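To keep things clear, I will list the structure first and then write my remarks on it.
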Amino acid sequence: MGSLDRDLSGEPYSLLVKLDEPVTLGEAENRFLLFKNYSFDPSLSPAGKTVVSASIYSSYSYWEQLSRDKDRYRAEKERIAALVIRTLEKRWPGAAVKVEVADVATPVTYHRYTGVGKGAYMSWIVPPGKGMLHLSKSLPGLDRFYLIGQWTEPPAGLPGSMLTGRHVMQIICRKDKKPFLAGPREA
């Protein structure tokens, strides 16, 4: 994830950019970077600036092994940041000098901050043709106990897991025959 001193509001939210050369991280070979442009959300950056993220695939074991040697781990994160900035420059000429913040989050980073197994940023993979999985938010025998999180709303991922808290509040309101009121309210 990074911050760019450039307005990308006229650009697509999601963009797949072909790399000049494939990049291998452990056993995962990457030929593309997936960029996400968050200019649609003014709460993420000041006017005229944009938060951009890029995704590249690798395994938890690759980064976990690297993390045992802080210098190698840091060097690999710097190599990936440089690759992302070069690719950003390829797509948006002049962008490289406009990068204000660059941070590489690895599966080890996700694990350290969230405790999720092997740094998974998404939950279950839904088999093709199965549609959406809907898991119960309650457990038999536990009254007024509810489950929330990315594992209860596949394939929620971290942002989607926050919505499960909202869903549970809707369930509670419905059960208590109270209206669900979202958003700030005036006193």
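The way I read the labels, and the way they are meant: chains A, B, ... in the order of the structure tokens, residue 1 as the first residue of every chain, and ligand 1 as the first ligand shown, with later ones counted on from there.
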**OP:** Please identify all polymer residues within 8 Å of A:Val52, counting only C-alpha atoms, omitting same-chain residues fewer than 2 positions from it, and present them as a VMD selection string.
**Re:** chain A and resid 1 to 4 35 to 38 50 54
**OP:** Can you work out the spacing between atom CA of A:Gln150 and atom CA of A:Gln65 in Å, to one decimal?
**Re:**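 A separation of 25.6 Å between them.
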Subject >> Point-to-point distance from atom CA of A:Arg144 to atom CA of A:Ile172, Å rounded to tenths >> reply: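 Atom-to-atom, atom CA of A:Arg144 to atom CA of A:Ile172, that is 8.2 Å.
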Original post:
What separation in Å, quoted to one decimal, exists between atom CA of A:Gly94 and atom CA of A:Leu8?
Top reply: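 The value is 12.5 Å.
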**OP:** Find the residue from A:Ser39, A:Ser58, A:Leu88, A:Asp69 that sits nearest to A:Ala105; use only C-alpha atoms when measuring.
**Re:**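 Closest to A:Ala105 of all the choices is A:Ser58.
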Subject >> Minimum-distance residue to A:Lys118, chosen among A:Ala28, A:Asp103, A:Leu19, A:Tyr62 (using only C-alpha atoms) >> reply: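 Counting only C-alpha atoms, the residue closest to A:Lys118 is A:Tyr62.
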Original post:
Of the candidates A:Ser55, A:Trp151, A:Phe40, A:Leu163, which one gets nearest to A:Val116 if we count only C-alpha atoms?
Top reply: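 Closest to A:Val116, using only C-alpha atoms: A:Trp151.
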Original post:
Looking at A:Phe145, A:Ala82, A:Arg6, A:Glu27, which one is nearest to A:Pro46, with distances taken over only C-alpha atoms?
Top reply: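 Of A:Phe145, A:Ala82, A:Arg6, A:Glu27, the one nearest A:Pro46, counting only C-alpha atoms, is A:Arg6.
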Backbone DSSP call of helix (DSSP H, G or I) for stretch 44-127 of chain A, listed as a PDB file with C-alpha atoms, in the first residue's frame:
```pdb
ATOM      1  CA  TYR A  60       3.281 -17.775   3.608  1.00  0.00           C
ATOM      2  CA  SER A  61       6.148 -20.278   3.932  1.00  0.00           C
ATOM      3  CA  TYR A  62       8.337 -18.188   1.600  1.00  0.00           C
ATOM      4  CA  TRP A  63       7.949 -15.054   3.717  1.00  0.00           C
ATOM      5  CA  GLU A  64       7.976 -16.915   7.014  1.00  0.00           C
ATOM      6  CA  GLN A  65      11.355 -18.415   6.154  1.00  0.00           C
ATOM      7  CA  LEU A  66      12.695 -15.020   5.033  1.00  0.00           C
ATOM      8  CA  LYS A  70      15.538  -9.608   9.285  1.00  0.00           C
ATOM      9  CA  ASP A  71      18.046  -8.243   6.746  1.00  0.00           C
ATOM     10  CA  ARG A  72      16.958 -10.652   3.983  1.00  0.00           C
ATOM     11  CA  TYR A  73      13.284 -10.076   4.821  1.00  0.00           C
ATOM     12  CA  ARG A  74      13.706  -6.286   4.684  1.00  0.00           C
ATOM     13  CA  ALA A  75      15.733  -6.511   1.446  1.00  0.00           C
ATOM     14  CA  GLU A  76      13.029  -8.602  -0.243  1.00  0.00           C
ATOM     15  CA  LYS A  77      10.328  -6.164   0.854  1.00  0.00           C
ATOM     16  CA  GLU A  78      12.436  -3.305  -0.580  1.00  0.00           C
ATOM     17  CA  ARG A  79      12.866  -5.238  -3.847  1.00  0.00           C
ATOM     18  CA  ILE A  80       9.088  -5.692  -4.110  1.00  0.00           C
ATOM     19  CA  ALA A  81       8.455  -2.010  -3.277  1.00  0.00           C
ATOM     20  CA  ALA A  82      10.891  -0.993  -6.053  1.00  0.00           C
ATOM     21  CA  LEU A  83       9.154  -3.363  -8.497  1.00  0.00           C
ATOM     22  CA  VAL A  84       5.754  -1.887  -7.641  1.00  0.00           C
ATOM     23  CA  ILE A  85       7.065   1.683  -8.049  1.00  0.00           C
ATOM     24  CA  ARG A  86       8.664   0.827 -11.430  1.00  0.00           C
ATOM     25  CA  THR A  87       5.398  -0.733 -12.592  1.00  0.00           C
ATOM     26  CA  LEU A  88       3.436   2.252 -11.274  1.00  0.00           C
ATOM     27  CA  GLU A  89       5.775   4.489 -13.306  1.00  0.00           C
ATOM     28  CA  LYS A  90       5.204   2.353 -16.402  1.00  0.00           C
ATOM     29  CA  ARG A  91       1.433   2.809 -16.120  1.00  0.00           C
ATOM     30  CA  ALA A  96       7.590   7.217  -9.237  1.00  0.00           C
ATOM     31  CA  VAL A  97       8.755  10.600  -7.931  1.00  0.00           C
ATOM     32  CA  LYS A  98       5.276  11.231  -6.485  1.00  0.00           C
ATOM     33  CA  PRO A 107       1.549 -12.802   4.681  1.00  0.00           C
ATOM     34  CA  VAL A 108       3.787 -12.672   7.791  1.00  0.00           C
ATOM     35  CA  THR A 109       2.632  -9.064   8.325  1.00  0.00           C
ATOM     36  CA  TYR A 110      -1.026 -10.116   8.087  1.00  0.00           C
ATOM     37  CA  HIS A 111      -0.384 -12.931  10.554  1.00  0.00           C
ATOM     38  CA  ARG A 112       1.426 -10.637  13.005  1.00  0.00           C
ATOM     39  CA  TYR A 113      -1.339  -8.002  12.984  1.00  0.00           C
ATOM     40  CA  THR A 114      -4.418 -10.231  12.776  1.00  0.00           C
ATOM     41  CA  GLY A 117      -3.619 -18.570   9.911  1.00  0.00           C
ATOM     42  CA  LYS A 118      -0.715 -18.297   7.484  1.00  0.00           C
ATOM     43  CA  GLY A 119      -1.501 -14.635   6.878  1.00  0.00           C
TER      44      GLY A 119
END
```
Subject >> DSSP strand (DSSP E or B) selection over chain A, as an MDAnalysis selection string >> reply: chainID A and resid 2:4 14:25 28:37 50:55 99:102 138 146
Original post:
Do you know which residues are at most 12 Å from A:His167 counting only C-alpha atoms, after dropping those on the same chain fewer than 4 positions away, and could you put them as a list in words?
Top reply: His134, Leu135, Ser136, Lys137, Ser138, Tyr146, Leu147, Ile148, Gly149, Thr152, Glu153, Gly160, Ser161, Met162, Leu163, Ile171, Ile172, Cys173, Arg174, Phe180 and Ala182 of chain A
